[in-house]
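A.B. asks: Hey, dropping protein_16.cif in here, mmCIF, C-alpha atoms and all ligand atoms:
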```cif
data_upload
#
loop_
_atom_site.label_atom_id
_atom_site.label_comp_id
_atom_site.auth_asym_id
_atom_site.auth_seq_id
_atom_site.Cartn_x
_atom_site.Cartn_y
_atom_site.Cartn_z
CA MET A 1 0.00 0.00 0.00
CA SER A 2 1.30 3.44 -0.88
CA ASP A 3 1.98 6.12 1.67
CA GLN A 4 -0.26 9.16 1.93
CA PRO A 5 1.34 12.39 0.75
CA LYS A 6 1.92 15.28 3.10
CA ILE A 7 -0.39 18.13 2.04
CA VAL A 8 0.51 21.75 2.82
CA VAL A 9 -2.31 24.19 2.13
CA ALA A 10 -1.06 27.78 1.87
CA ALA A 11 -3.19 30.89 2.27
CA SER A 12 -1.49 32.71 -0.60
CA LEU A 13 0.95 32.14 -3.44
CA PRO A 14 3.83 33.86 -1.59
CA GLU A 15 3.20 31.62 1.41
CA LEU A 16 3.14 28.52 -0.79
CA VAL A 17 6.35 29.57 -2.49
CA GLU A 18 8.15 30.22 0.82
CA ALA A 19 7.09 26.83 2.19
CA ALA A 20 8.19 25.05 -0.98
CA ALA A 21 11.46 26.99 -1.09
CA ALA A 22 12.25 25.99 2.50
CA HIS A 23 11.64 22.35 1.53
CA VAL A 24 13.93 22.58 -1.52
CA ARG A 25 16.69 24.31 0.48
CA ALA A 26 16.55 21.61 3.16
CA ALA A 27 16.64 18.84 0.52
CA ALA A 28 19.63 20.51 -1.13
CA ALA A 29 21.52 20.92 2.14
CA SER A 30 20.89 17.34 3.15
CA ALA A 31 21.88 15.90 -0.26
CA ILE A 32 25.06 17.98 -0.35
CA ALA A 33 25.96 17.00 3.22
CA ALA A 34 25.36 13.32 2.50
CA ARG A 35 26.65 12.93 -1.06
CA GLY A 36 28.33 16.22 -2.00
CA ARG A 37 25.80 16.92 -4.76
CA PHE A 38 22.13 17.91 -5.16
CA ARG A 39 20.35 16.41 -8.16
CA ILE A 40 17.04 18.15 -8.81
CA ALA A 41 14.48 17.97 -11.63
CA LEU A 42 12.65 21.25 -12.28
CA ALA A 43 9.07 21.49 -13.55
CA GLY A 44 7.50 23.72 -16.17
CA GLY A 45 4.21 25.51 -15.68
CA SER A 46 3.01 28.66 -13.98
CA THR A 47 3.04 27.47 -10.37
CA PRO A 48 6.63 26.18 -10.39
CA ARG A 49 7.59 29.39 -12.19
CA ALA A 50 6.59 31.44 -9.15
CA LEU A 51 9.00 29.44 -6.99
CA TYR A 52 12.15 29.87 -9.04
CA PRO A 53 12.99 33.52 -8.25
CA VAL A 54 12.84 32.65 -4.55
CA LEU A 55 15.23 29.73 -5.05
CA VAL A 56 17.92 32.03 -6.43
CA THR A 57 19.18 32.22 -2.85
CA GLY A 58 19.55 29.54 -0.21
CA VAL A 59 20.80 26.67 -2.40
CA ASP A 60 24.45 25.98 -3.20
CA TRP A 61 23.91 25.77 -6.96
CA THR A 62 27.61 25.17 -7.56
CA ARG A 63 26.96 21.70 -6.13
CA ALA A 64 23.71 21.06 -7.94
CA THR A 65 22.91 19.15 -11.09
CA VAL A 66 19.74 20.54 -12.59
CA PHE A 67 17.52 18.33 -14.74
CA PHE A 68 14.06 19.01 -16.17
CA GLY A 69 11.13 16.68 -15.56
CA ASP A 70 9.83 17.39 -19.02
CA GLU A 71 10.23 19.65 -22.02
CA ARG A 72 8.17 20.88 -24.91
CA ALA A 73 9.46 20.11 -28.44
CA VAL A 74 10.49 23.70 -29.13
CA PRO A 75 13.85 25.47 -29.55
CA LYS A 76 15.62 26.33 -26.30
CA GLY A 77 14.90 30.05 -26.75
CA ASP A 78 11.18 29.59 -27.42
CA PRO A 79 8.77 31.25 -24.96
CA MET A 80 7.22 27.77 -24.44
CA SER A 81 10.55 26.22 -23.43
CA ASN A 82 10.75 25.04 -19.83
CA TYR A 83 14.52 25.46 -20.02
CA ARG A 84 14.14 29.08 -21.08
CA MET A 85 11.69 29.76 -18.27
CA ALA A 86 14.03 28.24 -15.68
CA ARG A 87 17.03 30.03 -17.13
CA GLU A 88 15.34 33.42 -16.92
CA THR A 89 13.81 32.98 -13.47
CA LEU A 90 16.47 30.90 -11.66
CA LEU A 91 19.52 29.63 -13.51
CA ASP A 92 20.86 32.96 -14.81
CA PRO A 93 20.00 35.04 -11.71
CA ALA A 94 21.58 32.38 -9.46
CA ARG A 95 24.59 32.06 -11.79
CA VAL A 96 24.21 28.29 -11.92
CA PRO A 97 27.27 27.01 -13.79
CA PRO A 98 26.08 25.96 -17.29
CA ALA A 99 27.85 22.61 -16.87
CA ASN A 100 25.49 21.88 -13.97
CA VAL A 101 22.38 22.22 -16.14
CA ILE A 102 21.20 19.26 -18.20
CA ARG A 103 18.61 20.36 -20.74
CA TRP A 104 16.70 18.20 -23.21
CA ARG A 105 18.22 18.47 -26.73
CA THR A 106 15.02 19.62 -28.42
CA GLU A 107 16.97 20.75 -31.48
CA ASP A 108 17.62 17.06 -32.35
CA PRO A 109 15.18 16.12 -35.13
CA ASP A 110 15.14 12.64 -33.60
CA LEU A 111 13.45 13.21 -30.24
CA ASP A 112 13.71 9.51 -29.35
CA ALA A 113 17.48 9.88 -29.57
CA ALA A 114 17.29 13.05 -27.46
CA ALA A 115 15.35 11.09 -24.82
CA ARG A 116 17.94 8.28 -24.85
CA ASP A 117 20.70 10.87 -24.35
CA TYR A 118 18.76 12.41 -21.47
CA GLU A 119 18.44 9.04 -19.79
CA GLU A 120 22.17 8.53 -20.17
CA ALA A 121 22.84 11.91 -18.58
CA LEU A 122 20.53 11.05 -15.69
CA ARG A 123 22.28 7.73 -15.09
CA ALA A 124 25.77 9.25 -15.38
CA GLY A 125 27.60 9.72 -12.13
CA ALA A 126 24.86 8.37 -9.89
CA ALA A 127 23.23 5.13 -8.90
CA ALA A 128 19.48 5.01 -8.29
CA PRO A 129 17.80 7.09 -7.00
CA TRP A 130 18.98 9.35 -9.80
CA LEU A 131 17.18 12.37 -8.41
CA ASP A 132 17.33 13.79 -4.92
CA LEU A 133 14.22 15.87 -5.57
CA ALA A 134 11.64 15.95 -8.35
CA LEU A 135 9.61 19.16 -8.49
CA LEU A 136 6.34 18.64 -10.33
CA GLY A 137 3.20 20.51 -11.34
CA LEU A 138 -0.27 19.10 -11.87
CA GLY A 139 -2.59 19.74 -14.79
CA PRO A 140 -6.39 19.87 -14.54
CA ASP A 141 -6.45 16.57 -16.48
CA GLY A 142 -4.19 14.93 -13.87
CA HIS A 143 -1.02 15.04 -15.93
CA THR A 144 2.33 15.73 -14.37
CA ALA A 145 5.64 16.33 -16.13
CA SER A 146 4.50 15.23 -19.63
CA LEU A 147 2.76 12.09 -18.40
CA PHE A 148 -0.62 12.83 -20.00
CA PRO A 149 -3.71 10.60 -19.79
CA GLY A 150 -3.88 7.97 -22.51
CA THR A 151 -0.28 8.33 -23.69
CA SER A 152 2.34 5.64 -24.28
CA ALA A 153 4.69 7.17 -21.70
CA LEU A 154 2.45 5.89 -18.90
CA ALA A 155 3.26 2.29 -19.80
CA GLU A 156 7.03 2.77 -19.71
CA GLU A 157 8.54 0.63 -16.98
CA GLU A 158 12.22 0.49 -17.98
CA ARG A 159 13.37 3.69 -19.60
CA LEU A 160 13.85 6.82 -17.51
CA ALA A 161 13.10 9.30 -20.30
CA VAL A 162 10.96 9.10 -23.45
CA ALA A 163 9.55 11.21 -26.26
CA VAL A 164 5.77 11.05 -26.37
CA ASP A 165 2.98 12.12 -28.71
CA VAL A 166 0.38 14.14 -26.85
CA ALA A 167 -2.61 13.90 -29.18
CA GLU A 168 -4.82 16.27 -27.18
CA MET A 169 -2.23 19.00 -27.69
CA GLY A 170 -1.24 17.90 -31.19
CA THR A 171 2.39 17.91 -30.16
CA ARG A 172 5.34 15.87 -28.96
CA ARG A 173 6.93 16.25 -25.57
CA LEU A 174 9.94 14.82 -23.80
CA THR A 175 9.43 13.51 -20.30
CA LEU A 176 10.90 11.57 -17.44
CA THR A 177 8.92 8.41 -16.76
CA TYR A 178 7.43 6.72 -13.70
CA PRO A 179 10.65 4.74 -13.04
CA ALA A 180 12.60 8.02 -12.80
CA LEU A 181 10.01 10.12 -10.97
CA CYS A 182 8.58 7.47 -8.62
CA GLY A 183 12.17 6.50 -7.86
CA ALA A 184 13.30 9.99 -6.77
CA ARG A 185 14.50 10.33 -3.20
CA ASP A 186 11.91 13.07 -2.61
CA VAL A 187 8.99 14.50 -4.63
CA CYS A 188 7.18 17.85 -4.33
CA PHE A 189 4.08 18.92 -6.22
CA LEU A 190 3.17 22.60 -6.61
CA VAL A 191 -0.52 23.05 -7.35
CA THR A 192 -2.58 26.24 -7.47
CA GLY A 193 -6.01 27.17 -8.78
CA GLY A 194 -9.55 25.85 -8.54
CA ASP A 195 -9.25 24.21 -11.98
CA LYS A 196 -6.93 21.64 -10.33
CA ALA A 197 -9.22 20.86 -7.38
CA ALA A 198 -10.92 17.80 -8.87
CA ALA A 199 -7.68 16.38 -10.25
CA LEU A 200 -5.89 16.90 -6.94
CA ALA A 201 -8.65 15.18 -4.97
CA THR A 202 -8.66 12.28 -7.43
CA VAL A 203 -4.92 11.68 -7.38
CA VAL A 204 -4.78 11.89 -3.58
CA GLU A 205 -7.93 9.96 -2.71
CA ALA A 206 -8.85 7.67 -5.57
CA GLY A 207 -5.57 6.87 -7.23
CA HIS A 208 -6.58 7.44 -10.85
CA LEU A 209 -4.99 9.85 -13.35
CA PRO A 210 -1.32 9.95 -14.33
CA ALA A 211 -0.03 11.88 -11.31
CA ALA A 212 -1.59 9.41 -8.87
CA ARG A 213 1.10 6.78 -9.21
CA ILE A 214 3.71 9.32 -8.13
CA VAL A 215 1.56 10.96 -5.44
CA ARG A 216 0.83 7.58 -3.87
CA ARG A 217 4.29 6.06 -4.26
CA PRO A 218 5.89 4.52 -1.16
CA GLY A 219 8.50 7.31 -0.72
CA PRO A 220 8.01 10.86 0.59
CA VAL A 221 5.71 13.19 -1.35
CA THR A 222 4.75 16.73 -0.32
CA ILE A 223 1.98 18.62 -2.07
CA PHE A 224 2.15 22.41 -1.73
CA CYS A 225 -1.21 23.82 -2.80
CA ASP A 226 -3.42 26.85 -2.33
CA ARG A 227 -6.92 26.78 -0.86
CA ALA A 228 -8.58 26.76 -4.26
CA ALA A 229 -6.66 23.69 -5.40
CA ALA A 230 -7.31 22.01 -2.02
CA SER A 231 -11.04 22.76 -2.02
CA ALA A 232 -12.15 19.25 -3.00
CA LEU A 233 -9.87 17.41 -0.55
CA ARG A 234 -11.58 15.86 2.44
CA ASP A 235 -8.68 16.16 4.89
CA LYS A 236 -6.62 19.30 4.74
CA VAL A 237 -3.48 20.27 6.59
CA SER A 238 -2.88 23.99 6.82
CA SER A 239 0.62 25.34 6.82
C1 LIG A 301 4.81 21.57 -18.45
C2 LIG A 301 4.80 20.85 -17.17
C3 LIG A 301 3.49 20.47 -16.61
C4 LIG A 301 3.03 21.52 -15.62
C5 LIG A 301 1.58 21.35 -15.27
C6 LIG A 301 1.07 22.41 -14.32
O1 LIG A 301 5.87 21.76 -18.98
O2 LIG A 301 3.73 21.90 -18.93
O3 LIG A 301 5.93 20.42 -16.60
O4 LIG A 301 3.46 19.20 -16.05
O5 LIG A 301 3.82 21.51 -14.48
O6 LIG A 301 0.83 21.39 -16.45
O7 LIG A 301 1.24 23.66 -14.91
P1 LIG A 301 0.59 24.97 -14.27
O8 LIG A 301 1.20 25.18 -12.94
O9 LIG A 301 0.89 26.04 -15.28
O10 LIG A 301 -0.87 24.69 -14.20
#
```
Now that the file is in, can you turn its structure into structure tokens?
C.D. replies:
Amino acid sequence: MSDQPKIVVAASLPELVEAAAAHVRAAAASAIAARGRFRIALAGGSTPRALYPVLVTGVDWTRATVFFGDERAVPKGDPMSNYRMARETLLDPARVPPANVIRWRTEDPDLDAAARDYEEALRAGAAAPWLDLALLGLGPDGHTASLFPGTSALAEEERLAVAVDVAEMGTRRLTLTYPALCGARDVCFLVTGGDKAAALATVVEAGHLPAARIVRRPGPVTIFCDRAAASALRDKVSS
């Protein structure tokens, strides 16, 4: 039986961001103290975006390796690029050494090859768990990273990274898989907005939808959410 996630309900976005930032800083300090390195996967999306400027301070980024949980199939400078968003909000302001940042090679016309390279980069220099912390968002349809309902990526049990067709968006994405994300040492979800309330309640309480397998994994999971996103949950824990 899976563990229940810890749910932190914040009264405002700044409060949510401060609570999540404290969690990330503690995870970084503990990974660096134990293993000399902090391996984190960043998320795309508007809620994670609010966190990144706060994380410019309080983490020793010289000792971090920064991965991305997923990426859109766009050039690295595209406004839709998760890498670009993280670079502008966190990586450049924090002066994270470029060698510490592992981005998906979206310029490769063969995205399956780009996914294989990403898996290799994730496996390099570390045994499982490959990630100390996976930061994730949640979509109203229950997707997380680019694990969308009804897609082939959900069935992947061996590979850590895949390219996937997302028919509902008419696009391809690159994403870490359940083996990589469920296997992370620690997982945090950042969820805001009433449009996520039903999905959040479902993944926490009923176990359907793509994010549920990660939310209900045996290891630690913390969900930082606002009151609107938490409104359909039966048991709430206020921060
Ligand atoms: C992406 C994501 C995705 C995102 C959620 C939540 O690149 O789109 O990584 O999984 O985190 O869709 O996004 P919002 O916080 O914007 O709702």
A.B. asks: Please find the residues contacting ligand LIG 301 (chain A) at a distance of at most 6 Å between atoms, with all atoms listed in the file counted, and report them as a list in words.
C.D. replies: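 Written in the requested form, the residues are Ala43, Gly44, Gly45, Ser46, Thr47, Asp70, Glu71, Asn82, Leu136, Gly137, Leu138, Gly139, Thr144, Ala145 and Ser146 of chain A.
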A.B. asks: Ranking A:Leu181, A:Ala33, A:Ile7, A:Leu13 by minimum distance to Arg213 (chain A) and counting all atoms listed in the file, which one comes first?
C.D. replies: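 Smallest separation from Arg213 (chain A) among the options: A:Leu181.
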A.B. asks: Using all atoms listed in the file, which residue out of A:Gly193, A:Pro48, A:Gly207, A:Gly77 lies closest to Ala20 (chain A)?
C.D. replies: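 Residue with the minimum atom-to-atom distance to Ala20 (chain A): A:Pro48.
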A.B. asks: So, counting all atoms listed in the file, which residue among A:Phe38, A:Arg173, A:Asp132, A:Val164 is closest to Met80 (chain A)?
C.D. replies: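 Once distances to Met80 (chain A) are computed over all atoms listed in the file, the minimum belongs to A:Arg173.
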A.B. asks: Please identify all polymer residues within 9 Å of region 123-130 of chain A, counting all atoms listed in the file, omitting same-chain residues fewer than 2 positions from it, and present them as a list in words.
C.D. replies: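 Counting only the stated atoms, we get Arg39, Tyr118, Glu119, Glu120, Ala121, Asp132, Leu160, Ala180, Gly183, Ala184 and Arg185 of chain A.
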A.B. asks: Residues at most 10 Å from Ala153 (chain A), counting all atoms listed in the file, excluding those fewer than 6 positions away in the same chain, as a ChimeraX atom specification?
C.D. replies: /A:146-147,159,161-166,174-178,210
A.B. asks: So what do you get for CA of Glu158 (chain A) versus CA of Ile214 (chain A), distance-wise?
C.D. replies: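 It comes out at 15.7 Å.
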A.B. asks: Just checking: using all atoms listed in the file, which residue out of A:Arg49, A:His23, A:Arg37, A:Arg105 ends up closest to Ile223 (chain A)?
C.D. replies: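 Among the listed residues, A:His23 lies closest to Ile223 (chain A).
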A.B. asks: Expressed in Å to a single decimal, how great is the separation between CA of Phe68 (chain A) and CA of Thr151 (chain A)?
C.D. replies: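 Between these atoms lies a distance of 19.4 Å.
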A.B. asks: Using CA of Leu111 (chain A) and CA of Val74 (chain A) as the two end points, give the distance in Å to one decimal.
C.D. replies: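 Between CA of Leu111 (chain A) and CA of Val74 (chain A) the gap is 11.0 Å.
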